[in-house]
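Data file: my_file.cif. Format and content: mmCIF, C-alpha atoms and all ligand atoms; chains and numbers go by the auth columns.
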```cif
data_query
loop_
_atom_site.group_PDB
_atom_site.id
_atom_site.type_symbol
_atom_site.label_atom_id
_atom_site.label_comp_id
_atom_site.label_asym_id
_atom_site.label_seq_id
_atom_site.Cartn_x
_atom_site.Cartn_y
_atom_site.Cartn_z
_atom_site.B_iso_or_equiv
_atom_site.auth_seq_id
_atom_site.auth_asym_id
ATOM 1 C CA MET A 1 -12.163 2.079 10.137 0.00 1 A
ATOM 2 C CA ARG A 2 -9.349 4.004 11.765 0.00 2 A
ATOM 3 C CA VAL A 3 -6.506 3.876 9.253 0.00 3 A
ATOM 4 C CA GLY A 4 -2.972 4.931 10.162 0.00 4 A
ATOM 5 C CA ILE A 5 -0.635 5.937 7.351 0.00 5 A
ATOM 6 C CA LEU A 6 3.023 5.116 8.030 0.00 6 A
ATOM 7 C CA GLY A 7 4.798 7.003 5.250 0.00 7 A
ATOM 8 C CA SER A 8 2.955 9.913 3.655 0.00 8 A
ATOM 9 C CA GLY A 9 4.722 10.185 0.299 0.00 9 A
ATOM 10 C CA LEU A 10 3.361 9.383 -3.164 0.00 10 A
ATOM 11 C CA MET A 11 1.499 6.236 -2.111 0.00 11 A
ATOM 12 C CA GLY A 12 0.660 7.109 1.500 0.00 12 A
ATOM 13 C CA ALA A 13 -0.590 10.626 0.789 0.00 13 A
ATOM 14 C CA LYS A 14 -2.822 9.522 -2.094 0.00 14 A
ATOM 15 C CA LEU A 15 -4.203 6.363 -0.520 0.00 15 A
ATOM 16 C CA GLY A 16 -4.714 8.152 2.813 0.00 16 A
ATOM 17 C CA THR A 17 -6.680 10.892 1.047 0.00 17 A
ATOM 18 C CA LEU A 18 -8.825 8.314 -0.745 0.00 18 A
ATOM 19 C CA PHE A 19 -9.432 6.303 2.447 0.00 19 A
ATOM 20 C CA ALA A 20 -10.622 9.546 4.082 0.00 20 A
ATOM 21 C CA ARG A 21 -12.897 10.306 1.123 0.00 21 A
ATOM 22 C CA ALA A 22 -14.281 6.775 1.387 0.00 22 A
ATOM 23 C CA GLY A 23 -15.298 7.480 4.993 0.00 23 A
ATOM 24 C CA HIS A 24 -12.378 6.154 7.058 0.00 24 A
ATOM 25 C CA GLU A 25 -10.713 8.004 9.953 0.00 25 A
ATOM 26 C CA VAL A 26 -7.203 8.649 8.668 0.00 26 A
ATOM 27 C CA THR A 27 -4.034 9.705 10.499 0.00 27 A
ATOM 28 C CA PHE A 28 -1.099 10.700 8.279 0.00 28 A
ATOM 29 C CA SER A 29 2.350 10.100 9.749 0.00 29 A
ATOM 30 C CA TYR A 30 6.014 9.808 8.822 0.00 30 A
ATOM 31 C CA ALA A 31 7.166 12.571 6.482 0.00 31 A
ATOM 32 C CA ARG A 32 10.163 14.833 6.783 0.00 32 A
ATOM 33 C CA SER A 33 8.080 17.740 7.993 0.00 33 A
ATOM 34 C CA LYS A 34 5.153 18.003 10.367 0.00 34 A
ATOM 35 C CA LYS A 35 3.814 20.834 8.208 0.00 35 A
ATOM 36 C CA LYS A 36 3.407 18.490 5.252 0.00 36 A
ATOM 37 C CA LEU A 37 1.421 16.017 7.349 0.00 37 A
ATOM 38 C CA GLU A 38 -0.815 18.819 8.616 0.00 38 A
ATOM 39 C CA ARG A 39 -1.353 20.077 5.053 0.00 39 A
ATOM 40 C CA LEU A 40 -2.268 16.584 3.870 0.00 40 A
ATOM 41 C CA ALA A 41 -4.782 16.230 6.700 0.00 41 A
ATOM 42 C CA VAL A 42 -6.414 19.586 5.865 0.00 42 A
ATOM 43 C CA GLU A 43 -6.550 18.773 2.137 0.00 43 A
ATOM 44 C CA ALA A 44 -7.915 15.259 2.693 0.00 44 A
ATOM 45 C CA LYS A 45 -10.747 16.698 4.871 0.00 45 A
ATOM 46 C CA HIS A 46 -13.264 14.226 6.358 0.00 46 A
ATOM 47 C CA GLY A 47 -11.653 14.510 9.814 0.00 47 A
ATOM 48 C CA ALA A 48 -8.186 13.354 8.701 0.00 48 A
ATOM 49 C CA ARG A 49 -5.388 14.124 11.174 0.00 49 A
ATOM 50 C CA ALA A 50 -1.617 14.429 11.290 0.00 50 A
ATOM 51 C CA GLY A 51 0.327 12.565 13.961 0.00 51 A
ATOM 52 C CA THR A 52 3.407 10.602 14.869 0.00 52 A
ATOM 53 C CA PRO A 53 3.780 6.976 13.745 0.00 53 A
ATOM 54 C CA ALA A 54 2.977 5.912 17.328 0.00 54 A
ATOM 55 C CA GLU A 55 -0.221 7.997 17.284 0.00 55 A
ATOM 56 C CA ALA A 56 -1.178 6.660 13.849 0.00 56 A
ATOM 57 C CA ALA A 57 -0.694 3.103 15.074 0.00 57 A
ATOM 58 C CA GLU A 58 -2.186 3.357 18.537 0.00 58 A
ATOM 59 C CA LYS A 59 -5.867 2.848 17.818 0.00 59 A
ATOM 60 C CA ALA A 60 -5.670 1.880 14.167 0.00 60 A
ATOM 61 C CA ASP A 61 -7.850 -0.897 12.757 0.00 61 A
ATOM 62 C CA ALA A 62 -5.452 -0.975 9.813 0.00 62 A
ATOM 63 C CA LEU A 63 -2.078 0.538 8.970 0.00 63 A
ATOM 64 C CA LEU A 64 -0.752 1.312 5.516 0.00 64 A
ATOM 65 C CA LEU A 65 3.028 0.959 5.401 0.00 65 A
ATOM 66 C CA ALA A 66 4.369 3.064 2.528 0.00 66 A
ATOM 67 C CA VAL A 67 8.051 3.899 2.958 0.00 67 A
ATOM 68 C CA HIS A 68 11.221 3.269 1.024 0.00 68 A
ATOM 69 C CA TRP A 69 12.666 -0.092 2.072 0.00 69 A
ATOM 70 C CA SER A 70 15.681 1.696 3.579 0.00 70 A
ATOM 71 C CA ARG A 71 13.354 3.513 6.059 0.00 71 A
ATOM 72 C CA LEU A 72 11.698 0.344 7.369 0.00 72 A
ATOM 73 C CA ASP A 73 13.588 0.004 10.669 0.00 73 A
ATOM 74 C CA ASP A 74 13.209 3.697 11.384 0.00 74 A
ATOM 75 C CA VAL A 75 9.447 3.869 10.861 0.00 75 A
ATOM 76 C CA LEU A 76 8.797 0.602 12.703 0.00 76 A
ATOM 77 C CA GLY A 77 10.920 1.825 15.596 0.00 77 A
ATOM 78 C CA GLN A 78 8.823 4.998 15.796 0.00 78 A
ATOM 79 C CA ALA A 79 5.501 3.161 15.481 0.00 79 A
ATOM 80 C CA GLY A 80 6.080 1.083 18.633 0.00 80 A
ATOM 81 C CA ASP A 81 4.392 -2.211 19.443 0.00 81 A
ATOM 82 C CA LEU A 82 2.455 -3.447 16.402 0.00 82 A
ATOM 83 C CA ALA A 83 1.411 -6.816 17.848 0.00 83 A
ATOM 84 C CA GLY A 84 -2.031 -7.783 16.552 0.00 84 A
ATOM 85 C CA LYS A 85 -2.161 -4.858 14.098 0.00 85 A
ATOM 86 C CA VAL A 86 -3.351 -5.301 10.530 0.00 86 A
ATOM 87 C CA ILE A 87 -0.547 -3.936 8.346 0.00 87 A
ATOM 88 C CA LEU A 88 -1.087 -3.429 4.634 0.00 88 A
ATOM 89 C CA THR A 89 2.315 -3.048 3.079 0.00 89 A
ATOM 90 C CA CYS A 90 2.826 -1.592 -0.365 0.00 90 A
ATOM 91 C CA CYS A 91 6.596 -1.423 0.169 0.00 91 A
ATOM 92 C CA LEU A 92 8.909 -2.940 -2.389 0.00 92 A
ATOM 93 C CA PRO A 93 12.323 -4.097 -1.167 0.00 93 A
ATOM 94 C CA MET A 94 14.202 -1.769 -3.532 0.00 94 A
ATOM 95 C CA ASP A 95 17.891 -0.903 -3.416 0.00 95 A
ATOM 96 C CA LEU A 96 19.007 2.645 -2.596 0.00 96 A
ATOM 97 C CA GLU A 97 19.166 3.590 -6.317 0.00 97 A
ATOM 98 C CA ASP A 98 15.627 2.223 -6.924 0.00 98 A
ATOM 99 C CA LYS A 99 17.017 0.040 -9.709 0.00 99 A
ATOM 100 C CA GLY A 100 16.288 -3.458 -8.428 0.00 100 A
ATOM 101 C CA LEU A 101 14.860 -5.644 -5.708 0.00 101 A
ATOM 102 C CA VAL A 102 17.180 -6.517 -2.841 0.00 102 A
ATOM 103 C CA ILE A 103 14.995 -9.522 -1.968 0.00 103 A
ATOM 104 C CA ALA A 104 13.457 -11.631 -4.718 0.00 104 A
ATOM 105 C CA HIS A 105 12.435 -15.060 -6.026 0.00 105 A
ATOM 106 C CA THR A 106 12.859 -17.212 -2.900 0.00 106 A
ATOM 107 C CA TRP A 107 11.760 -14.666 -0.303 0.00 107 A
ATOM 108 C CA SER A 108 9.960 -11.287 -0.333 0.00 108 A
ATOM 109 C CA GLY A 109 9.856 -7.954 1.424 0.00 109 A
ATOM 110 C CA ALA A 110 6.384 -8.757 2.753 0.00 110 A
ATOM 111 C CA GLU A 111 7.606 -12.010 4.327 0.00 111 A
ATOM 112 C CA GLU A 112 10.625 -10.207 5.734 0.00 112 A
ATOM 113 C CA LEU A 113 8.291 -7.671 7.345 0.00 113 A
ATOM 114 C CA GLN A 114 6.168 -10.463 8.853 0.00 114 A
ATOM 115 C CA LYS A 115 9.341 -12.110 10.175 0.00 115 A
ATOM 116 C CA ARG A 116 10.359 -8.858 11.854 0.00 116 A
ATOM 117 C CA LEU A 117 6.846 -8.382 13.294 0.00 117 A
ATOM 118 C CA PRO A 118 5.708 -11.956 13.992 0.00 118 A
ATOM 119 C CA LYS A 119 2.646 -10.834 15.974 0.00 119 A
ATOM 120 C CA ALA A 120 1.359 -8.368 13.369 0.00 120 A
ATOM 121 C CA ARG A 121 -1.075 -9.396 10.614 0.00 121 A
ATOM 122 C CA VAL A 122 0.736 -8.490 7.419 0.00 122 A
ATOM 123 C CA VAL A 123 -1.040 -8.238 4.067 0.00 123 A
ATOM 124 C CA GLN A 124 0.706 -7.162 0.921 0.00 124 A
ATOM 125 C CA ALA A 125 -1.589 -4.824 -1.013 0.00 125 A
ATOM 126 C CA PHE A 126 -1.511 -1.832 -3.349 0.00 126 A
ATOM 127 C CA ASN A 127 2.164 -2.427 -4.201 0.00 127 A
ATOM 128 C CA THR A 128 1.293 -3.430 -7.780 0.00 128 A
ATOM 129 C CA ILE A 129 -0.287 -0.047 -8.591 0.00 129 A
ATOM 130 C CA PRO A 130 1.585 3.089 -9.761 0.00 130 A
ATOM 131 C CA SER A 131 0.476 5.971 -7.536 0.00 131 A
ATOM 132 C CA GLU A 132 -0.403 8.056 -10.606 0.00 132 A
ATOM 133 C CA VAL A 133 -3.496 5.969 -11.356 0.00 133 A
ATOM 134 C CA LEU A 134 -5.028 6.026 -7.873 0.00 134 A
ATOM 135 C CA PHE A 135 -7.177 9.157 -8.164 0.00 135 A
ATOM 136 C CA SER A 136 -8.533 8.330 -11.606 0.00 136 A
ATOM 137 C CA VAL A 137 -9.468 4.804 -10.506 0.00 137 A
ATOM 138 C CA TYR A 138 -11.266 6.252 -7.472 0.00 138 A
ATOM 139 C CA GLU A 139 -13.166 8.732 -9.679 0.00 139 A
ATOM 140 C CA ALA A 140 -14.324 5.827 -11.881 0.00 140 A
ATOM 141 C CA ARG A 141 -15.171 3.517 -8.945 0.00 141 A
ATOM 142 C CA ARG A 142 -18.854 3.166 -9.855 0.00 142 A
ATOM 143 C CA ARG A 143 -18.082 1.592 -13.212 0.00 143 A
ATOM 144 C CA ALA A 144 -18.911 -2.093 -13.537 0.00 144 A
ATOM 145 C CA THR A 145 -15.428 -3.059 -14.751 0.00 145 A
ATOM 146 C CA LYS A 146 -12.709 -2.125 -12.318 0.00 146 A
ATOM 147 C CA PRO A 147 -8.948 -2.611 -12.448 0.00 147 A
ATOM 148 C CA SER A 148 -7.533 -5.338 -10.208 0.00 148 A
ATOM 149 C CA VAL A 149 -5.306 -5.187 -7.152 0.00 149 A
ATOM 150 C CA VAL A 150 -3.551 -8.398 -6.190 0.00 150 A
ATOM 151 C CA TYR A 151 -3.156 -8.932 -2.439 0.00 151 A
ATOM 152 C CA CYS A 152 -1.809 -11.765 -0.314 0.00 152 A
ATOM 153 C CA GLY A 153 -1.465 -12.658 3.354 0.00 153 A
ATOM 154 C CA ASP A 154 -1.748 -15.416 5.931 0.00 154 A
ATOM 155 C CA ASP A 155 -4.368 -13.900 8.249 0.00 155 A
ATOM 156 C CA ALA A 156 -7.973 -14.215 7.048 0.00 156 A
ATOM 157 C CA ARG A 157 -9.310 -11.299 9.115 0.00 157 A
ATOM 158 C CA ALA A 158 -6.554 -8.985 7.940 0.00 158 A
ATOM 159 C CA LYS A 159 -7.217 -9.993 4.340 0.00 159 A
ATOM 160 C CA LYS A 160 -10.893 -9.051 4.739 0.00 160 A
ATOM 161 C CA VAL A 161 -9.824 -5.611 5.946 0.00 161 A
ATOM 162 C CA ALA A 162 -7.461 -5.300 2.986 0.00 162 A
ATOM 163 C CA ALA A 163 -10.156 -6.346 0.502 0.00 163 A
ATOM 164 C CA LYS A 164 -12.549 -3.727 1.901 0.00 164 A
ATOM 165 C CA LEU A 165 -9.967 -0.951 1.654 0.00 165 A
ATOM 166 C CA ILE A 166 -9.045 -2.031 -1.881 0.00 166 A
ATOM 167 C CA ARG A 167 -12.728 -1.949 -2.899 0.00 167 A
ATOM 168 C CA ASP A 168 -13.294 1.398 -1.201 0.00 168 A
ATOM 169 C CA VAL A 169 -10.723 3.088 -3.410 0.00 169 A
ATOM 170 C CA GLY A 170 -12.217 1.635 -6.598 0.00 170 A
ATOM 171 C CA PHE A 171 -10.280 -1.548 -7.355 0.00 171 A
ATOM 172 C CA ASP A 172 -11.352 -5.170 -7.635 0.00 172 A
ATOM 173 C CA PRO A 173 -9.385 -7.146 -5.005 0.00 173 A
ATOM 174 C CA VAL A 174 -7.819 -10.360 -6.323 0.00 174 A
ATOM 175 C CA ASP A 175 -6.762 -12.754 -3.550 0.00 175 A
ATOM 176 C CA ALA A 176 -3.410 -14.205 -4.627 0.00 176 A
ATOM 177 C CA GLY A 177 -3.213 -16.529 -1.600 0.00 177 A
ATOM 178 C CA PRO A 178 -0.721 -16.745 1.282 0.00 178 A
ATOM 179 C CA LEU A 179 1.932 -14.153 2.031 0.00 179 A
ATOM 180 C CA ARG A 180 4.611 -16.208 0.290 0.00 180 A
ATOM 181 C CA MET A 181 2.927 -15.267 -3.010 0.00 181 A
ATOM 182 C CA ALA A 182 4.580 -11.870 -2.497 0.00 182 A
ATOM 183 C CA ARG A 183 7.703 -13.526 -3.969 0.00 183 A
ATOM 184 C CA TYR A 184 5.891 -13.393 -7.302 0.00 184 A
ATOM 185 C CA THR A 185 3.892 -10.175 -6.933 0.00 185 A
ATOM 186 C CA GLU A 186 6.954 -8.090 -6.053 0.00 186 A
ATOM 187 C CA PRO A 187 8.756 -8.885 -9.339 0.00 187 A
ATOM 188 C CA PHE A 188 5.365 -8.432 -11.086 0.00 188 A
ATOM 189 C CA THR A 189 5.318 -4.897 -9.684 0.00 189 A
ATOM 190 C CA MET A 190 8.629 -4.241 -11.398 0.00 190 A
ATOM 191 C CA LEU A 191 6.960 -5.227 -14.668 0.00 191 A
ATOM 192 C CA VAL A 192 3.983 -2.932 -14.011 0.00 192 A
ATOM 193 C CA GLY A 193 6.380 -0.103 -13.101 0.00 193 A
ATOM 194 C CA GLN A 194 8.446 -0.581 -16.259 0.00 194 A
ATOM 195 C CA LEU A 195 5.330 -0.572 -18.438 0.00 195 A
ATOM 196 C CA ALA A 196 3.887 2.473 -16.667 0.00 196 A
ATOM 197 C CA TYR A 197 7.025 4.591 -16.650 0.00 197 A
ATOM 198 C CA GLU A 198 8.251 3.687 -20.128 0.00 198 A
ATOM 199 C CA MET A 199 5.236 5.498 -21.523 0.00 199 A
ATOM 200 C CA SER A 200 5.785 9.168 -22.258 0.00 200 A
ATOM 201 C CA ASP A 201 4.948 12.057 -19.900 0.00 201 A
ATOM 202 C CA ASP A 202 2.327 10.943 -17.458 0.00 202 A
ATOM 203 C CA PRO A 203 2.449 7.283 -16.469 0.00 203 A
ATOM 204 C CA GLN A 204 -1.073 5.865 -16.434 0.00 204 A
ATOM 205 C CA LEU A 205 -1.399 2.128 -16.217 0.00 205 A
ATOM 206 C CA SER A 206 -3.705 -0.239 -14.387 0.00 206 A
ATOM 207 C CA TYR A 207 -4.476 -3.849 -15.148 0.00 207 A
ATOM 208 C CA ARG A 208 -7.343 -6.281 -14.885 0.00 208 A
ATOM 209 C CA PHE A 209 -7.289 -10.069 -14.488 0.00 209 A
ATOM 210 C CA GLU A 210 -10.144 -12.037 -15.999 0.00 210 A
ATOM 211 C CA ARG A 211 -10.927 -15.702 -15.562 0.00 211 A
ATOM 212 C CA ARG A 212 -11.530 -17.457 -18.856 0.00 212 A
ATOM 213 C CA GLY A 213 -13.223 -20.841 -19.232 0.00 213 A
ATOM 214 C CA LYS A 214 -11.453 -23.709 -20.980 0.00 214 A
ATOM 215 C CA GLY A 215 -11.713 -23.964 -24.739 0.00 215 A
HETATM 216 N N1 LIG B . 5.203 5.486 -5.889 0.00 301 B
HETATM 217 C C1 LIG B . 4.640 4.423 -6.457 0.00 301 B
HETATM 218 O O1 LIG B . 3.979 4.520 -7.512 0.00 301 B
HETATM 219 C C2 LIG B . 4.753 3.065 -5.815 0.00 301 B
HETATM 220 C C3 LIG B . 4.037 2.006 -6.366 0.00 301 B
HETATM 221 C C4 LIG B . 4.076 0.756 -5.762 0.00 301 B
HETATM 222 C C5 LIG B . 4.856 0.571 -4.608 0.00 301 B
HETATM 223 N N2 LIG B . 5.576 1.621 -4.104 0.00 301 B
HETATM 224 C C6 LIG B . 6.357 1.365 -2.887 0.00 301 B
HETATM 225 O O2 LIG B . 5.688 2.044 -1.840 0.00 301 B
HETATM 226 C C7 LIG B . 6.633 2.543 -0.886 0.00 301 B
HETATM 227 C C8 LIG B . 6.437 4.051 -0.764 0.00 301 B
HETATM 228 O O3 LIG B . 6.699 4.634 -2.034 0.00 301 B
HETATM 229 P P1 LIG B . 6.465 6.179 -2.305 0.00 301 B
HETATM 230 O O4 LIG B . 6.682 6.367 -3.758 0.00 301 B
HETATM 231 O O5 LIG B . 5.185 6.605 -1.672 0.00 301 B
HETATM 232 O O6 LIG B . 7.707 6.806 -1.509 0.00 301 B
HETATM 233 P P2 LIG B . 7.933 8.308 -1.123 0.00 301 B
HETATM 234 O O7 LIG B . 7.102 9.198 -1.962 0.00 301 B
HETATM 235 O O8 LIG B . 9.407 8.503 -1.070 0.00 301 B
HETATM 236 O O9 LIG B . 7.342 8.361 0.370 0.00 301 B
HETATM 237 C C9 LIG B . 8.029 7.880 1.469 0.00 301 B
HETATM 238 C C10 LIG B . 7.620 8.662 2.712 0.00 301 B
HETATM 239 O O10 LIG B . 8.627 8.440 3.695 0.00 301 B
HETATM 240 C C11 LIG B . 9.024 9.713 4.210 0.00 301 B
HETATM 241 N N3 LIG B . 10.417 9.747 4.661 0.00 301 B
HETATM 242 C C12 LIG B . 11.527 9.475 3.947 0.00 301 B
HETATM 243 N N4 LIG B . 12.625 9.662 4.707 0.00 301 B
HETATM 244 C C13 LIG B . 12.177 10.065 5.919 0.00 301 B
HETATM 245 C C14 LIG B . 12.814 10.428 7.123 0.00 301 B
HETATM 246 N N5 LIG B . 14.134 10.434 7.247 0.00 301 B
HETATM 247 N N6 LIG B . 12.051 10.796 8.181 0.00 301 B
HETATM 248 C C15 LIG B . 10.711 10.814 8.067 0.00 301 B
HETATM 249 N N7 LIG B . 10.038 10.496 6.946 0.00 301 B
HETATM 250 C C16 LIG B . 10.769 10.128 5.887 0.00 301 B
HETATM 251 C C17 LIG B . 8.845 10.658 3.048 0.00 301 B
HETATM 252 O O11 LIG B . 8.804 11.982 3.548 0.00 301 B
HETATM 253 P P3 LIG B . 8.497 13.258 2.592 0.00 301 B
HETATM 254 O O12 LIG B . 7.017 13.201 2.348 0.00 301 B
HETATM 255 O O13 LIG B . 8.911 14.412 3.414 0.00 301 B
HETATM 256 O O14 LIG B . 9.318 13.039 1.355 0.00 301 B
HETATM 257 C C18 LIG B . 7.538 10.164 2.472 0.00 301 B
HETATM 258 O O15 LIG B . 6.446 10.713 3.185 0.00 301 B
HETATM 259 C C19 LIG B . 8.018 2.162 -1.425 0.00 301 B
HETATM 260 O O16 LIG B . 8.451 0.995 -0.779 0.00 301 B
HETATM 261 C C20 LIG B . 7.777 1.905 -2.899 0.00 301 B
HETATM 262 O O17 LIG B . 8.671 0.963 -3.438 0.00 301 B
HETATM 263 C C21 LIG B . 5.527 2.852 -4.675 0.00 301 B
#
```
Could you show the structure in this file as structure tokens?
Ligand SMILES: NC(=O)c1ccc[n+]([C@@H]2O[C@H](COP(=O)([O-])OP(=O)(O)OC[C@H]3O[C@@H](n4cnc5c(N)ncnc54)[C@H](OP(=O)(O)O)[C@@H]3O)[C@@H](O)[C@H]2O)c1
Amino acid sequence: MRVGILGSGLMGAKLGTLFARAGHEVTFSYARSKKKLERLAVEAKHGARAGTPAEAAEKADALLLAVHWSRLDDVLGQAGDLAGKVILTCCLPMDLEDKGLVIAHTWSGAEELQKRLPKARVVQAFNTIPSEVLFSVYEARRRATKPSVVYCGDDARAKKVAAKLIRDVGFDPVDAGPLRMARYTEPFTMLVGQLAYEMSDDPQLSYRFERRGKG
């Protein structure tokens, strides 16, 4: 797939690199310097490119949206018309101090994004994973037991794309249902973040859901 990265920071740079390693055509966009995007593309190899948000979006089969909530309007404005596009958002609607969610419980950042882009196909994915674990999960991707990623969305085709990308970087995709489930996964991410970053030095945390029979 052609995958456009809108926001090439901790999440976007790592996931973009892993998508490229997994065989996708990646365009990195939206960082404060063009040089950084070019460096990421060179380091990711596998034909990865640097571009503007509009270039990343133009022919993309899927877009990863990975910016601070406060940058949303800016990056969407630069990306142009996203009607029909599959958008995987890992963005959390955090306040400027990164201390709490500005949307929670009865609505979510993912639903807000879909409301702003009614013709796009929004899936919430990868938001429940601390960026520090991404490379080690990818390295261990051939193991039988993989950590889970919860994703949700209202568009079946977009969810298939999301599930493939989640699998390609080494996780087991867990379909949490419609996009409104993001109201619960976003606060869950806060829990994962607290657990990951409360540990000393190098936060390393991933989780796995298992179905258990009754009794
Ligand atoms: N980090 C995590 O572990 C994690 C986990 C789950 C969810 N999330 C969510 O994922 C989203 C992205 O998080 P992140 O940690 O990847 O953020 P980040 O490292 O701050 O990356 C954000 C990107 O936006 C770019 N940017 C910021 N201001 C800009 C501006 N004025 N012009 C152009 N580009 C600009 C940054 O540029 P530079 O590269 O130049 O800084 C960076 O590439 C957030 O909504 C966060 O809540 C993060």
Hey, which residues sit close to ligand LIG 301 (chain B)? Say within 9 Å, counting all atoms listed in the file, and write them as a VMD selection string. chain A and resid 6 to 14 29 to 34 36 to 37 65 to 72 74 to 75 89 to 94 98 126 to 133 189 to 190 193
Residues from last step as file, C-alpha atoms, as a PDB file, keeping the file's coordinate frame:
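Below you can see result_18.pdb, which holds the result:
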```
ATOM      1  CA  LEU A   6       3.023   5.116   8.030  1.00  0.00           C
ATOM      2  CA  GLY A   7       4.798   7.003   5.250  1.00  0.00           C
ATOM      3  CA  SER A   8       2.955   9.913   3.655  1.00  0.00           C
ATOM      4  CA  GLY A   9       4.722  10.185   0.299  1.00  0.00           C
ATOM      5  CA  LEU A  10       3.361   9.383  -3.164  1.00  0.00           C
ATOM      6  CA  MET A  11       1.499   6.236  -2.111  1.00  0.00           C
ATOM      7  CA  GLY A  12       0.660   7.109   1.500  1.00  0.00           C
ATOM      8  CA  ALA A  13      -0.590  10.626   0.789  1.00  0.00           C
ATOM      9  CA  LYS A  14      -2.822   9.522  -2.094  1.00  0.00           C
ATOM     10  CA  SER A  29       2.350  10.100   9.749  1.00  0.00           C
ATOM     11  CA  TYR A  30       6.014   9.808   8.822  1.00  0.00           C
ATOM     12  CA  ALA A  31       7.166  12.571   6.482  1.00  0.00           C
ATOM     13  CA  ARG A  32      10.163  14.833   6.783  1.00  0.00           C
ATOM     14  CA  SER A  33       8.080  17.740   7.993  1.00  0.00           C
ATOM     15  CA  LYS A  34       5.153  18.003  10.367  1.00  0.00           C
ATOM     16  CA  LYS A  36       3.407  18.490   5.252  1.00  0.00           C
ATOM     17  CA  LEU A  37       1.421  16.017   7.349  1.00  0.00           C
ATOM     18  CA  LEU A  65       3.028   0.959   5.401  1.00  0.00           C
ATOM     19  CA  ALA A  66       4.369   3.064   2.528  1.00  0.00           C
ATOM     20  CA  VAL A  67       8.051   3.899   2.958  1.00  0.00           C
ATOM     21  CA  HIS A  68      11.221   3.269   1.024  1.00  0.00           C
ATOM     22  CA  TRP A  69      12.666  -0.092   2.072  1.00  0.00           C
ATOM     23  CA  SER A  70      15.681   1.696   3.579  1.00  0.00           C
ATOM     24  CA  ARG A  71      13.354   3.513   6.059  1.00  0.00           C
ATOM     25  CA  LEU A  72      11.698   0.344   7.369  1.00  0.00           C
ATOM     26  CA  ASP A  74      13.209   3.697  11.384  1.00  0.00           C
ATOM     27  CA  VAL A  75       9.447   3.869  10.861  1.00  0.00           C
ATOM     28  CA  THR A  89       2.315  -3.048   3.079  1.00  0.00           C
ATOM     29  CA  CYS A  90       2.826  -1.592  -0.365  1.00  0.00           C
ATOM     30  CA  CYS A  91       6.596  -1.423   0.169  1.00  0.00           C
ATOM     31  CA  LEU A  92       8.909  -2.940  -2.389  1.00  0.00           C
ATOM     32  CA  PRO A  93      12.323  -4.097  -1.167  1.00  0.00           C
ATOM     33  CA  MET A  94      14.202  -1.769  -3.532  1.00  0.00           C
ATOM     34  CA  ASP A  98      15.627   2.223  -6.924  1.00  0.00           C
ATOM     35  CA  PHE A 126      -1.511  -1.832  -3.349  1.00  0.00           C
ATOM     36  CA  ASN A 127       2.164  -2.427  -4.201  1.00  0.00           C
ATOM     37  CA  THR A 128       1.293  -3.430  -7.780  1.00  0.00           C
ATOM     38  CA  ILE A 129      -0.287  -0.047  -8.591  1.00  0.00           C
ATOM     39  CA  PRO A 130       1.585   3.089  -9.761  1.00  0.00           C
ATOM     40  CA  SER A 131       0.476   5.971  -7.536  1.00  0.00           C
ATOM     41  CA  GLU A 132      -0.403   8.056 -10.606  1.00  0.00           C
ATOM     42  CA  VAL A 133      -3.496   5.969 -11.356  1.00  0.00           C
ATOM     43  CA  THR A 189       5.318  -4.897  -9.684  1.00  0.00           C
ATOM     44  CA  MET A 190       8.629  -4.241 -11.398  1.00  0.00           C
ATOM     45  CA  GLY A 193       6.380  -0.103 -13.101  1.00  0.00           C
TER      46      GLY A 193
END
```
Near range 20-27 of chain A, 12 Å: range 122-179 of chain A residue rows, closest pairs, all atoms listed in the file, as JSON lines:
```
{"residue": "A:Phe135", "atom": "CA", "partner": "A:Arg21", "partner_atom": "CA", "distance": 11.0}
{"residue": "A:Tyr138", "atom": "CA", "partner": "A:Ala22", "partner_atom": "CA", "distance": 9.4}
{"residue": "A:Glu139", "atom": "CA", "partner": "A:Arg21", "partner_atom": "CA", "distance": 10.9}
{"residue": "A:Arg141", "atom": "CA", "partner": "A:Ala22", "partner_atom": "CA", "distance": 10.9}
{"residue": "A:Lys164", "atom": "CA", "partner": "A:Ala22", "partner_atom": "CA", "distance": 10.7}
{"residue": "A:Leu165", "atom": "CA", "partner": "A:Ala22", "partner_atom": "CA", "distance": 8.9}
{"residue": "A:Ile166", "atom": "CA", "partner": "A:Ala22", "partner_atom": "CA", "distance": 10.8}
{"residue": "A:Arg167", "atom": "CA", "partner": "A:Ala22", "partner_atom": "CA", "distance": 9.8}
{"residue": "A:Asp168", "atom": "CA", "partner": "A:Ala22", "partner_atom": "CA", "distance": 6.0}
{"residue": "A:Val169", "atom": "CA", "partner": "A:Ala22", "partner_atom": "CA", "distance": 7.0}
{"residue": "A:Gly170", "atom": "CA", "partner": "A:Ala22", "partner_atom": "CA", "distance": 9.7}
```
Taking (5.6, -13.4, 13.9) in the file's coordinates as the center, which residues reach within 12 Å of it, counting only C-alpha atoms, put as an MDAnalysis selection string? chainID A and resid 82:85 111:122 154:155
Evaluating the PyMOL selection byres (((chain A and resi 175) around 8) and not hetatm) on the displayed file yields which residues, as a list in words?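 Output from the PyMOL selection byres (((chain A and resi 175) around 8) and not hetatm), applied to this file: Val150, Tyr151, Cys152, Pro173, Val174, Ala176 and Gly177 of chain A.
The space separating CA of Asp202 in chain A from CA of Ala50 in chain A comes to 29.2 Å.
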CA of Ala48 in chain A to CA of Leu64 in chain A: how many Å, to one decimal?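 Taking CA of Ala48 in chain A as the start and CA of Leu64 in chain A as the end point, the length is 14.5 Å.
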Excluding Tyr184 in chain A and any residue of its chain fewer than 6 positions from it, enumerate the residues within 10 Å of it, using only C-alpha atoms, and give them as a list in words. Ala104, His105, Thr106, Trp107, Ser108 and Ala176 of chain A
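Reported to one decimal place, the separation of CA of Ala110 in chain A from CA of Val149 in chain A is 15.7 Å.
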